[in-house]
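Worksheet: one structure, shown below.
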Amino acid sequence: MSRLYDTVEPSVIDEDMLQKAVEEQGPKDEAGKIAKAEGIDFGDVTALRLEFKNVLEIDNLWSFANLTKLQLDNNIIEKIKGLDELVNLIWLDLSFNNIEMIEGLDKLTKLQDLTLYNNRISRIENMDKLTDLHVFSIGNNNLTDLENVVYLRRFKKLRTLNLNGNPFCEQADYKQYVIAYISSIDFLDYRLIDKQSRDAATERYHLLIEEMLHNERQAEMRQDEDSKRQIEEGTYREAYVDGLNGPDLFEGMYADDTEGKKLKEMPGVDELIFDYGLQEHEKRQEEVNQFWECVEEAKTENKDAGTFYIDEFLNMKKKVFAELNHITDSNLTDQKVREYNKEVTGLWDKLMALELQLVDQFEEIIKEFERNLQDMGSTFIENVQGYLSQCRDLENNHHERMLEIAIVTLEKFVKNELDDELSEDLRNLGLSLDGAPLDETSYLWTKTQSSMLLHLHTMFIY
């Protein structure tokens with residue numbers, strides 16, 4: 001199924017191999033000569049073929065940042081790795097290798113065509129980030145579990161799928177199962193799926209598909225809710241107001257206050273900080289965005305200036321090299337070389353000056369950013385402390401009012417003048433074990449005082 005290398009010397013993807021491949025696959029004739037003389041920047045290469053090179057390990061491709069098509073087929077590769085920098089890759093061929101596991105593809109979010117034909121893969125997995133996948137070939141591997149194909153349902157743009165040559169293809173219901181569950185595909189194993197085959201597959205599996213669709217919708221709704229909640233919670237944490245957009249603070253005050261819960265039931269008986277925190281978070285976020293805008297603006301201006309100097313130098317370089325090809329006088333040649341070296345030094349000086357200028361700009365931007373955030377943070381803390389002080393005052397007022405209500409309620413209870421029925425717990429607060437009234441004022445004062453202290457402690461830890 002895959003290539004062996006016990007008699008083949010493994011190769012390494014090194015500078016020489018890459019340079020040779022780029023030159024062979026680059027422009028030809030006169031354009032090729034010029035490109036070879038001036039050198040080809042790997043960052044400009046968009047397609048690269050490294051097939052039949054006996055490559056054992058994927059490495060040293062980080063400089064091909066604009067690569068869109070990569071062929072690594074017919075090698076002896078055992079592990080998918082070293083591709084994280086190729087973020088613009090659209091087409092990837094890793095067929096006819098010794099790969100046992102799908103991995104290392106998370107950064108290739110633009111990938112549309114993936115070929116893993118003729119390897120040793122036993123499970124379809126680790127492809128969640130490839131949301132733009134159109135074509136997927138994984139034939140002639142070791143796939144035995146037909147249900148594993150259901151994993152491919154997440155790729156809504158998948159149109160062409162090749163599974164031919166895997167062990168599960170021997171099952172009688174293989175094609176109908178794949179067509180029914182992966183309904184987005186138009187081609188299976190290089191053949192167009194006709195209407196009759198699709199209708200037959202749908203009819204056979206429609207009950208199971210309906211159940212799966214229902215489960216997928218429910219799972220998607222839960223995922224959306226979880227994502228929304230996580231985003232909100234993250235925003236609240238950044239705004240330092242998590243736990244303040246509901247009854248958490250109030251309920252926390254009564255969490256350990258068993259007596260207070262009973263007092264709270266007597267007849268007659270927070271979102272200011274939360275809203276303020278969100279408003280201040282928006283201001284801080286606006287400041288952060290403005291900071292990055294200034295950084296990007298400085299970088300862009302610096303880059304444009306540098307690009308201008310470099311383009312100017314490259315034009316001069318072409319002109320000098322062209323003149324050198326026609327000069328026969330050695331003295332004149334030496335003069336041209338000296339002039340060229342002087343231009344190189346001048347370019348270096350200009351670029352270094354731009355770099356130092358950028359550093360100075362960054363230092364000033366960072367200082368201003370730090371000053372603004374410190375001011376905003378100090379104001380935020382001061383105001384929140386003021387709000388919490390108001391909360392403590394309200395708790396004191398609440399305590400006094402609660403004590404008044406408790407005494408009045410107990411007096412009415414003793415005189416049997418209460419209109420509302422009291423719970424057993426509340427009754428026991430004002431009665432002794434034998435049912436006789438206790439010293440109401442001192443007893444209830446102790447209970448409400450204990451309740452108030454617990455509440456103030458809760459507010460303190462918030």
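Identifiers in the structure tokens: chain A, B, ... in order shown; residue index from 1 per chain; ligand index from 1 in order shown.
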field: Selection near A:Asn140, 7 Å with only C-alpha atoms, sequence-local residues under 3 positions removed, as a VMD selection string
entry: chain A and resid 117 to 119 164 to 166
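Secondary structure of stretch 42-177 of chain A, strand (DSSP E or B) only (DSSP, backbone atoms): A:Ala47, A:Leu48, A:Arg49, A:Val55, A:Leu56, A:Glu57, A:Lys69, A:Leu70, A:Gln71, A:Trp91, A:Leu92, A:Asp93, A:Asp113, A:Leu114, A:Thr115, A:Val135, A:Phe136, A:Ser137, A:Thr160, A:Leu161, A:Asn162.
Excluding stretch 44-60 of chain A itself and same-chain residues fewer than 4 positions from it, the residues having an atom within 6 Å of it are A:Pro10, A:Ser11, A:Val12, A:Ile13, A:Asn66, A:Leu67, A:Thr68, A:Lys69, A:Leu70, A:Gln71, A:Leu72, A:Asp73, A:Asn74, A:Asn75, A:Ile76, A:Ile77, A:Gly82, counting only C-alpha atoms.
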query: Can you list, as a VMD selection string, every residue of stretch 99-319 of chain A that DSSP puts in alpha helix (DSSP H)?
result: chain A and resid 174 to 181 195 to 238 248 to 255 258 to 263 271 to 319
